[in-house]
$ cat work.txt   # compact mmCIF, C-alpha atoms
# COMPACT_ATOMS: atom_id res chain seq x y z
CA MET A 1 -32.78 -8.14 -20.07
CA GLN A 2 -31.97 -9.33 -23.54
CA GLU A 3 -34.64 -11.67 -24.95
CA LEU A 4 -34.12 -14.18 -27.74
CA GLN A 5 -37.00 -14.63 -30.18
CA THR A 6 -36.07 -18.00 -31.56
CA GLN A 7 -37.02 -21.65 -31.36
CA LYS A 8 -33.62 -22.75 -32.60
CA LEU A 9 -30.67 -23.53 -30.36
CA GLN A 10 -27.94 -21.12 -31.45
CA PRO A 11 -25.31 -18.78 -29.97
CA ILE A 12 -26.33 -15.20 -29.31
CA GLU A 13 -24.77 -12.40 -31.34
CA LEU A 14 -22.05 -10.53 -29.49
CA PRO A 15 -20.96 -6.97 -30.28
CA GLN A 16 -17.27 -6.23 -30.78
CA LEU A 17 -15.39 -5.48 -27.59
CA LYS A 18 -13.62 -2.18 -27.03
CA GLU A 19 -9.85 -2.14 -27.21
CA LEU A 20 -9.62 -1.90 -23.40
CA PRO A 21 -12.93 -3.23 -22.05
CA LEU A 22 -13.85 -2.82 -18.38
CA VAL A 23 -13.64 -6.11 -16.48
CA SER A 24 -15.88 -6.51 -13.43
CA ILE A 25 -14.57 -8.92 -10.79
CA LEU A 26 -17.34 -10.36 -8.59
CA ILE A 27 -16.28 -11.54 -5.12
CA ALA A 28 -18.69 -13.01 -2.57
CA ASN A 29 -17.09 -13.16 0.88
CA TYR A 30 -18.28 -14.90 4.03
CA ASN A 31 -15.92 -15.34 6.98
CA TYR A 32 -12.78 -15.53 4.85
CA GLU A 33 -10.73 -13.06 6.86
CA LYS A 34 -7.87 -15.56 6.64
CA TYR A 35 -7.77 -15.57 2.83
CA ILE A 36 -9.46 -12.44 1.43
CA GLY A 37 -6.31 -10.33 1.77
CA GLU A 38 -4.27 -12.68 -0.43
CA THR A 39 -7.17 -12.84 -2.88
CA LEU A 40 -7.32 -9.05 -3.21
CA GLU A 41 -3.53 -8.83 -3.47
CA SER A 42 -3.79 -11.07 -6.54
CA VAL A 43 -6.33 -8.63 -7.99
CA LEU A 44 -4.06 -5.65 -7.35
CA SER A 45 -1.18 -7.48 -9.05
CA GLN A 46 -3.05 -7.79 -12.37
CA THR A 47 -1.13 -6.54 -15.39
CA TYR A 48 -4.40 -5.48 -17.04
CA PRO A 49 -5.41 -2.05 -15.68
CA ASN A 50 -9.08 -1.54 -16.57
CA TRP A 51 -10.94 -3.50 -13.90
CA GLU A 52 -13.27 -3.01 -10.97
CA ALA A 53 -13.61 -5.42 -8.05
CA MET A 54 -17.03 -5.59 -6.42
CA VAL A 55 -16.74 -7.35 -3.06
CA CYS A 56 -19.95 -8.29 -1.27
CA ASP A 57 -19.49 -9.24 2.35
CA ASP A 58 -22.36 -11.60 3.06
CA GLY A 59 -22.79 -10.92 6.76
CA SER A 60 -19.39 -12.15 7.94
CA LYS A 61 -18.93 -12.65 11.67
CA ASP A 62 -15.14 -12.37 11.57
CA ASN A 63 -12.95 -9.38 10.67
CA SER A 64 -13.33 -9.77 6.90
CA CYS A 65 -14.72 -6.29 6.39
CA GLU A 66 -11.83 -4.67 8.23
CA VAL A 67 -9.38 -6.50 5.96
CA ILE A 68 -11.33 -5.58 2.82
CA GLU A 69 -11.53 -1.93 3.88
CA THR A 70 -7.74 -1.69 3.92
CA TYR A 71 -7.77 -2.63 0.22
CA VAL A 72 -10.59 -0.22 -0.55
CA GLN A 73 -8.32 2.49 0.85
CA LYS A 74 -5.40 1.26 -1.27
CA ASP A 75 -7.24 1.28 -4.60
CA SER A 76 -10.52 2.97 -5.53
CA ARG A 77 -11.22 0.22 -8.08
CA ILE A 78 -12.10 -2.06 -5.14
CA LYS A 79 -15.60 -1.55 -3.73
CA LEU A 80 -17.07 -3.13 -0.59
CA ILE A 81 -20.79 -3.77 -0.28
CA ARG A 82 -22.14 -5.16 2.98
CA GLN A 83 -25.33 -7.15 3.38
CA GLN A 84 -27.01 -9.56 5.78
CA ASN A 85 -26.18 -13.21 5.16
CA GLY A 86 -28.11 -14.50 2.17
CA GLY A 87 -25.81 -17.06 0.57
CA VAL A 88 -23.54 -17.11 -2.45
CA ALA A 89 -26.16 -16.44 -5.15
CA SER A 90 -27.51 -13.48 -3.20
CA ALA A 91 -24.03 -12.02 -2.71
CA LEU A 92 -23.11 -12.47 -6.39
CA ASN A 93 -26.42 -10.88 -7.43
CA THR A 94 -25.50 -7.88 -5.29
CA THR A 95 -22.07 -7.55 -6.87
CA TYR A 96 -23.53 -7.92 -10.35
CA ARG A 97 -26.15 -5.20 -9.78
CA ASN A 98 -23.36 -2.83 -8.80
CA SER A 99 -21.01 -3.75 -11.66
CA SER A 100 -20.77 -2.22 -15.11
CA GLY A 101 -18.04 -4.18 -16.92
CA GLU A 102 -18.31 -5.65 -20.40
CA ILE A 103 -16.60 -8.78 -19.09
CA ILE A 104 -17.56 -10.48 -15.83
CA CYS A 105 -15.05 -12.59 -13.88
CA VAL A 106 -15.99 -14.52 -10.75
CA LEU A 107 -13.37 -14.82 -8.00
CA ASP A 108 -13.91 -16.86 -4.85
CA ALA A 109 -12.80 -15.03 -1.70
CA ASP A 110 -10.25 -17.75 -0.88
CA ASP A 111 -8.72 -18.23 -4.34
CA VAL A 112 -5.77 -16.52 -6.04
CA TRP A 113 -5.24 -15.28 -9.61
CA MET A 114 -2.01 -15.24 -11.59
CA PRO A 115 -0.88 -11.67 -12.47
CA ASP A 116 -1.71 -12.03 -16.19
CA LYS A 117 -5.12 -13.68 -15.63
CA VAL A 118 -7.32 -10.75 -16.69
CA GLN A 119 -5.04 -9.80 -19.59
CA LYS A 120 -5.18 -13.36 -20.98
CA VAL A 121 -8.95 -13.50 -20.59
CA VAL A 122 -9.48 -10.21 -22.42
CA GLU A 123 -7.21 -11.38 -25.23
CA ALA A 124 -9.16 -14.65 -25.49
CA PHE A 125 -12.45 -12.78 -25.85
CA GLN A 126 -11.00 -10.40 -28.41
CA SER A 127 -9.54 -13.27 -30.46
CA ASN A 128 -12.82 -15.21 -30.42
CA PRO A 129 -15.69 -12.82 -31.23
CA LYS A 130 -18.34 -15.59 -31.07
CA GLY A 131 -17.21 -16.79 -27.64
CA GLY A 132 -19.08 -15.38 -24.66
CA PHE A 133 -17.66 -17.76 -22.06
CA VAL A 134 -13.92 -18.05 -21.39
CA ILE A 135 -12.49 -20.68 -19.03
CA HIS A 136 -8.93 -21.64 -18.10
CA ASP A 137 -7.09 -24.25 -16.10
CA VAL A 138 -6.24 -24.00 -12.40
CA TYR A 139 -3.87 -25.41 -9.82
CA GLN A 140 -5.25 -26.82 -6.58
CA ILE A 141 -3.71 -25.47 -3.37
CA ASP A 142 -4.27 -26.22 0.31
CA GLY A 143 -5.16 -23.88 3.15
CA GLN A 144 -1.52 -22.76 3.43
CA GLY A 145 -1.24 -21.99 -0.27
CA GLN A 146 0.89 -25.03 -1.11
CA LEU A 147 0.26 -26.99 -4.30
CA ILE A 148 -1.79 -30.12 -3.62
CA LYS A 149 -0.53 -31.60 -6.86
CA PRO A 150 1.86 -30.19 -9.48
CA THR A 151 -0.39 -30.74 -12.49
CA PRO A 152 -3.36 -28.61 -13.62
CA MET A 153 -6.80 -29.65 -12.41
CA ILE A 154 -8.37 -30.39 -15.83
CA LYS A 155 -6.71 -32.17 -18.76
CA ASN A 156 -9.05 -31.16 -21.59
CA LEU A 157 -11.15 -28.05 -21.05
CA ALA A 158 -14.61 -27.83 -22.59
CA SER A 159 -14.62 -25.97 -25.90
CA GLY A 160 -16.90 -24.57 -28.61
CA TRP A 161 -20.68 -24.69 -29.08
CA MET A 162 -21.84 -27.46 -26.76
CA ALA A 163 -25.56 -26.74 -26.30
CA SER A 164 -26.83 -29.77 -28.24
CA SER A 165 -24.64 -32.25 -26.37
CA VAL A 166 -25.52 -30.66 -23.03
CA LEU A 167 -29.22 -31.15 -23.83
CA LYS A 168 -28.60 -34.85 -24.46
CA LYS A 169 -26.57 -35.30 -21.26
CA GLY A 170 -29.23 -34.16 -18.85
CA GLY A 171 -27.79 -30.66 -18.66
CA CYS A 172 -24.38 -31.92 -17.56
CA ILE A 173 -21.24 -30.32 -18.93
CA GLU A 174 -17.84 -31.75 -18.07
CA ASN A 175 -14.32 -30.32 -17.96
CA ILE A 176 -15.37 -26.97 -16.53
CA PRO A 177 -13.06 -25.43 -13.88
CA PRO A 178 -14.18 -23.94 -10.53
CA ALA A 179 -15.75 -20.50 -10.06
CA SER A 180 -12.57 -18.42 -10.13
CA ALA A 181 -11.89 -19.56 -13.71
CA LEU A 182 -15.31 -18.52 -15.08
CA CYS A 183 -15.28 -15.39 -17.29
CA ILE A 184 -18.37 -14.27 -19.20
CA ARG A 185 -19.43 -11.50 -21.57
CA ARG A 186 -22.11 -9.23 -20.08
CA GLU A 187 -24.53 -10.05 -22.90
CA VAL A 188 -24.52 -13.61 -21.54
CA THR A 189 -24.65 -12.78 -17.84
CA ASP A 190 -27.61 -10.45 -18.45
CA LEU A 191 -29.52 -13.60 -19.38
CA ILE A 192 -28.38 -15.49 -16.26
CA PHE A 193 -28.54 -12.84 -13.54
CA PRO A 194 -30.19 -12.39 -11.12
CA MET A 195 -29.63 -15.97 -10.03
CA ASN A 196 -32.07 -17.91 -7.87
CA GLU A 197 -31.10 -16.93 -4.33
CA ALA A 198 -32.20 -20.31 -3.00
CA PHE A 199 -28.71 -21.37 -4.15
CA THR A 200 -26.91 -20.43 -0.95
CA ARG A 201 -24.00 -22.49 -2.32
CA ASN A 202 -23.06 -23.87 -5.77
CA ALA A 203 -24.08 -20.61 -7.45
CA ASP A 204 -21.17 -20.95 -9.88
CA SER A 205 -22.83 -24.16 -11.13
CA LEU A 206 -25.75 -22.07 -12.34
CA ILE A 207 -23.39 -19.90 -14.38
CA PHE A 208 -21.53 -22.70 -16.15
CA ARG A 209 -24.65 -24.86 -16.59
CA LEU A 210 -26.62 -22.03 -18.26
CA ALA A 211 -24.02 -20.10 -20.29
CA PRO A 212 -23.28 -22.96 -22.76
CA PHE A 213 -26.91 -22.86 -23.93
CA VAL A 214 -26.42 -19.38 -25.40
CA THR A 215 -22.75 -18.99 -26.30
CA GLU A 216 -19.57 -20.74 -27.35
CA ILE A 217 -16.91 -21.71 -24.81
CA VAL A 218 -13.35 -20.47 -25.34
CA PRO A 219 -10.71 -22.43 -23.39
CA VAL A 220 -7.36 -20.95 -22.35
CA SER A 221 -4.96 -23.82 -21.74
CA GLU A 222 -2.75 -21.84 -19.37
CA VAL A 223 -3.16 -22.06 -15.59
CA LEU A 224 -4.40 -18.63 -14.53
CA SER A 225 -5.66 -19.21 -10.99
CA LYS A 226 -5.16 -21.24 -7.84
CA PHE A 227 -8.18 -23.04 -6.41
CA ARG A 228 -7.96 -23.45 -2.66
CA LEU A 229 -9.19 -26.63 -0.97
CA HIS A 230 -9.55 -26.46 2.79
CA GLY A 231 -11.87 -27.59 5.56
CA THR A 232 -14.21 -24.59 5.42
CA ASN A 233 -14.94 -24.51 1.68
CA LEU A 234 -18.67 -24.10 1.08
CA THR A 235 -18.84 -26.17 -2.09
CA SER A 236 -15.59 -28.12 -2.37
CA PHE A 237 -14.42 -31.20 -0.51
CA THR A 238 -11.35 -33.36 -0.13
CA SER A 239 -13.17 -36.62 0.67
CA LEU A 240 -16.63 -37.98 -0.01
CA THR A 241 -19.28 -38.37 2.70
CA PRO A 242 -22.97 -39.41 2.68
CA ASP A 243 -24.00 -35.82 3.47
CA ILE A 244 -22.03 -34.52 0.50
CA LEU A 245 -23.61 -37.11 -1.82
CA VAL A 246 -27.15 -36.26 -0.67
CA ARG A 247 -26.36 -32.58 -1.17
CA GLU A 248 -24.87 -33.17 -4.63
CA LEU A 249 -27.90 -35.19 -5.77
CA GLU A 250 -30.31 -32.53 -4.53
CA THR A 251 -28.25 -29.71 -6.06
CA ALA A 252 -28.12 -31.51 -9.43
CA LYS A 253 -31.90 -31.83 -9.39
CA ARG A 254 -32.40 -28.15 -8.59
CA ILE A 255 -29.90 -27.02 -11.24
CA HIS A 256 -31.69 -29.20 -13.80
CA GLN A 257 -34.94 -27.39 -12.95
CA GLU A 258 -33.20 -24.03 -13.39
CA GLN A 259 -31.89 -25.14 -16.78
CA LYS A 260 -35.38 -26.06 -17.95
CA GLN A 261 -36.75 -22.68 -16.85
CA PHE A 262 -33.84 -20.92 -18.57
CA LEU A 263 -34.37 -22.81 -21.84
CA ARG A 264 -38.09 -22.11 -21.71
CA LYS A 265 -37.42 -18.39 -21.23
CA ILE A 266 -34.83 -18.19 -24.02
CA TYR A 267 -36.06 -20.69 -26.61
CA GLY A 268 -39.56 -21.78 -25.68
CA VAL A 269 -41.25 -24.94 -24.43
CA GLU A 270 -40.16 -27.27 -27.24
CA VAL A 271 -36.43 -26.79 -26.66
CA ALA A 272 -36.89 -26.87 -22.87
CA GLU A 273 -38.68 -30.21 -23.07
CA SER A 274 -35.83 -31.67 -25.17
CA LEU A 275 -33.53 -31.44 -22.15
CA THR A 276 -33.05 -35.04 -21.01
CA GLY A 277 -33.40 -36.00 -17.34
CA VAL A 278 -30.57 -36.13 -14.83
CA GLU A 279 -30.47 -39.90 -15.46
CA ALA A 280 -28.74 -39.16 -18.78
CA ASN A 281 -25.66 -38.20 -16.77
CA ALA A 282 -23.51 -41.13 -15.62
CA TRP A 283 -22.43 -39.16 -12.55
CA HIS A 284 -26.01 -39.31 -11.29
CA TYR A 285 -25.72 -43.08 -10.94
CA HIS A 286 -22.20 -42.74 -9.55
CA ASP A 287 -23.56 -40.62 -6.69
CA LEU A 288 -26.48 -43.00 -6.11
CA TYR A 289 -24.14 -45.99 -6.07
CA MET A 290 -21.65 -44.37 -3.69
CA LEU A 291 -24.51 -43.33 -1.40
CA ALA A 292 -25.72 -46.94 -1.35
CA ARG A 293 -22.20 -48.00 -0.41
CA PHE A 294 -21.95 -45.48 2.42
CA GLN A 295 -25.41 -46.33 3.76
CA GLY A 296 -24.78 -50.07 3.69
CA ILE A 297 -27.76 -50.78 1.44
CA ALA A 298 -28.44 -54.50 0.89
CA LYS A 299 -26.28 -55.87 -1.91
CA SER A 300 -29.31 -57.00 -3.95
CA GLU A 301 -30.60 -53.40 -4.04
CA ARG A 302 -27.13 -51.94 -4.58
CA ASN A 303 -26.58 -54.24 -7.55
CA LYS A 304 -29.45 -52.60 -9.41
CA VAL A 305 -27.81 -49.17 -9.18
CA HIS A 306 -24.42 -50.68 -10.02
CA ARG A 307 -25.75 -52.18 -13.25
CA LEU A 308 -27.30 -48.83 -14.22
CA LEU A 309 -23.93 -47.18 -13.60
CA VAL A 310 -21.58 -49.55 -15.46
CA THR A 311 -23.95 -50.05 -18.42
CA HIS A 312 -24.61 -46.32 -18.81
CA PRO A 313 -23.76 -45.07 -22.36
CA GLN A 314 -21.50 -42.37 -20.87
CA PHE A 315 -19.70 -44.60 -18.35
CA ASN A 316 -16.43 -44.96 -20.28
CA VAL A 317 -16.30 -41.26 -21.10
CA ALA A 318 -17.26 -40.00 -17.65
CA PHE A 319 -14.80 -42.30 -15.87
CA SER A 320 -11.79 -42.16 -18.14
CA TYR A 321 -9.41 -42.31 -15.17
CA LYS A 322 -8.67 -46.03 -15.31
CA PRO A 323 -8.12 -46.81 -11.59
CA LEU A 324 -11.51 -45.26 -10.75
CA LYS A 325 -13.19 -46.90 -13.73
CA TRP A 326 -11.84 -50.34 -12.79
CA LEU A 327 -12.88 -49.94 -9.14
CA LEU A 328 -16.40 -48.92 -10.07
CA GLN A 329 -16.69 -51.64 -12.69
CA TRP A 330 -15.17 -54.60 -10.83
CA GLY A 331 -15.24 -53.64 -7.16
CA GLU A 332 -18.86 -54.54 -6.46
CA SER A 333 -17.85 -57.77 -4.70
CA LEU A 334 -15.48 -55.98 -2.29
CA PRO A 335 -16.56 -55.32 1.31
CA ASN A 336 -17.71 -51.75 1.95
CA ALA A 337 -14.75 -50.77 4.14
CA LEU A 338 -12.22 -51.95 1.56
CA PHE A 339 -14.12 -50.47 -1.39
CA LEU A 340 -14.55 -47.05 0.26
CA GLY A 341 -10.93 -47.01 1.40
CA LEU A 342 -9.72 -47.68 -2.14
CA PHE A 343 -12.15 -45.13 -3.54
CA ASN A 344 -10.85 -42.33 -1.32
CA GLN A 345 -7.23 -43.19 -2.19
CA ILE A 346 -8.00 -43.17 -5.92
CA SER A 347 -10.46 -40.29 -6.20
CA HIS A 348 -8.90 -37.68 -3.92
CA GLU A 349 -5.50 -36.33 -3.11
CA SER A 350 -3.95 -38.60 -0.47
CA ALA A 351 -0.72 -39.25 1.35
CA PHE A 352 -0.32 -42.37 -0.80
CA LYS A 353 -0.45 -40.30 -4.01
CA ARG A 354 1.96 -37.69 -2.67
CA ILE A 355 4.47 -40.35 -1.60
CA ALA A 356 4.17 -42.11 -4.97
CA ARG A 357 4.87 -38.85 -6.82
CA LEU A 358 7.84 -38.14 -4.58
CA ILE A 359 9.30 -41.61 -5.27
CA VAL A 360 8.84 -41.18 -9.02
CA LYS A 361 10.40 -37.72 -8.90
CA THR A 362 13.39 -39.04 -6.94
CA LEU A 363 13.92 -41.93 -9.33
CA LEU A 364 13.78 -39.63 -12.36
CA LYS A 365 16.54 -37.46 -10.89
CA ARG A 366 18.93 -40.40 -10.68

$ encode --input "work.txt" --output "structure tokens"
Amino acid sequence: MQELQTQKLQPIELPQLKELPLVSILIANYNYEKYIGETLESVLSQTYPNWEAMVCDDGSKDNSCEVIETYVQKDSRIKLIRQQNGGVASALNTTYRNSSGEIICVLDADDVWMPDKVQKVVEAFQSNPKGGFVIHDVYQIDGQGQLIKPTPMIKNLASGWMASSVLKKGGCIENIPPASALCIRREVTDLIFPMNEAFTRNADSLIFRLAPFVTEIVPVSEVLSKFRLHGTNLTSFTSLTPDILVRELETAKRIHQEQKQFLRKIYGVEVAESLTGVEANAWHYHDLYMLARFQGIAKSERNKVHRLLVTHPQFNVAFSYKPLKWLLQWGESLPNALFLGLFNQISHESAFKRIARLIVKTLLKR
């Protein structure tokens, strides 16, 4: 593993890439027989030729392996590794150990890449020699592969050297796309892998929460993958629940601990201790407030969390979507049922939003 002998926060030096670098595609699969075929078809359709796809089946109980084997037979660049169920971090660690590419791309077993995805990523790395972390925009699709909404998922992708700001925001970094849009130079992933295998889900969060501490982010504005939202996603959801909020709060705490350990390993104690607490992130108070709403906490207690949320220095930046901002800011007096109903309509894709878009589209055609 590469070690950095420095007390100063700065990007690592990256060697020049070859003209046609090998790209390793890491796929962790668990019971995605329904989707893994389409995922691998999108890999086979890549215009860039020099890739390898390492697929780890994490103890699936369906026919995933049989489906994957048909693709192994089609193209020797696809490799299947089987293991007992250990979770996402464990499966990605297995794929990484067996990979040898200069560029690492993560691909969820239910997502789909555009044909020029790998080509565009390689070009982005070659055009930005200081950038060790390339991201791009995505479309959201449903279980049947239909667009949930016609616009890309993220308006302004994260960009540049962001380590200092991430330290001040409790380790939070915004405007990062899901796992299948994360592409990293091996010099960076060698510092991150192997990941803590206690992360049986949300392992991609470790990657994008650690990489910005050691390298610059290079955004590609084009949409290069489709992110699938469906009822069996391990880490994604279409509506908020108390269980999800509890899980998100616990995950954020554990990721923050991993960040501190990472900073201590790379830079030393002084830099690690400069990482602010999770309270520096406005979303921490958002989750606490929403949990209080769901649990029916007494209004006097809920008000305390609400004040911490709306007076947070990052509130206006974190909640730039005005309908959500207004609801959070002025909806404290609303009854729980009404508040939560409005929240789900505003925050997530809904029939109301789809109908509104259809009406607008129809009117524009006239």

$ atom_distance --input "work.txt" --atom1 "CA of Pro115 in chain A" --atom2 "CA of Asn202 in chain A"
26.2 Å

$ residues_around --input "work.txt" --residues "range 292-307 of chain A" --least-positions-apart "2" --cutoff "10 Å" --atoms "all atoms listed in the file" --output "number ranges by chain"
A: 240-243, 245, 285-290, 309-312, 328-329, 332-333, 335-337, 339-340

$ atom_distance --input "work.txt" --atom1 "CA of Val214 in chain A" --atom2 "CA of Pro11 in chain A"
4.7 Å

$ closest_residue --input "work.txt" --among "A:Lys155, A:Arg209, A:Lys265, A:His136" --to "Gly170 in chain A" --atoms "all atoms listed in the file"
A:Arg209

$ residues_around --input "work.txt" --residues "Met195 in chain A" --least-positions-apart "2" --cutoff "12 Å" --atoms "only C-alpha atoms" --output "PyMOL selection string"
chain A and resi 87-97+189-193+197-207+210+255+258-259+261-262

$ closest_atom_pairs --input "work.txt" --of "range 9-31 of chain A" --to "range 66-84 of chain A" --cutoff "12 Å" --atoms "all atoms listed in the file" --output "CSV"
residue,atom,partner,partner_atom,distance
A:Leu22,CA,A:Arg77,CA,11.1
A:Val23,CA,A:Arg77,CA,10.8
A:Ser24,CA,A:Arg77,CA,9.8
A:Ile25,CA,A:Ile78,CA,9.2
A:Leu26,CA,A:Lys79,CA,10.2
A:Ile27,CA,A:Leu80,CA,9.6
A:Ala28,CA,A:Ile81,CA,9.7
A:Asn29,CA,A:Arg82,CA,9.7
A:Tyr30,CA,A:Gln84,CA,10.4
A:Asn31,CA,A:Val67,CA,11.0

$ residues_around --input "work.txt" --residues "Arg186 in chain A" --least-positions-apart "6" --cutoff "9 Å" --atoms "all atoms listed in the file" --output "ChimeraX atom specification"
/A:100-104,132

$ atom_distance --input "work.txt" --atom1 "CA of Gln10 in chain A" --atom2 "CA of Thr276 in chain A"
18.1 Å
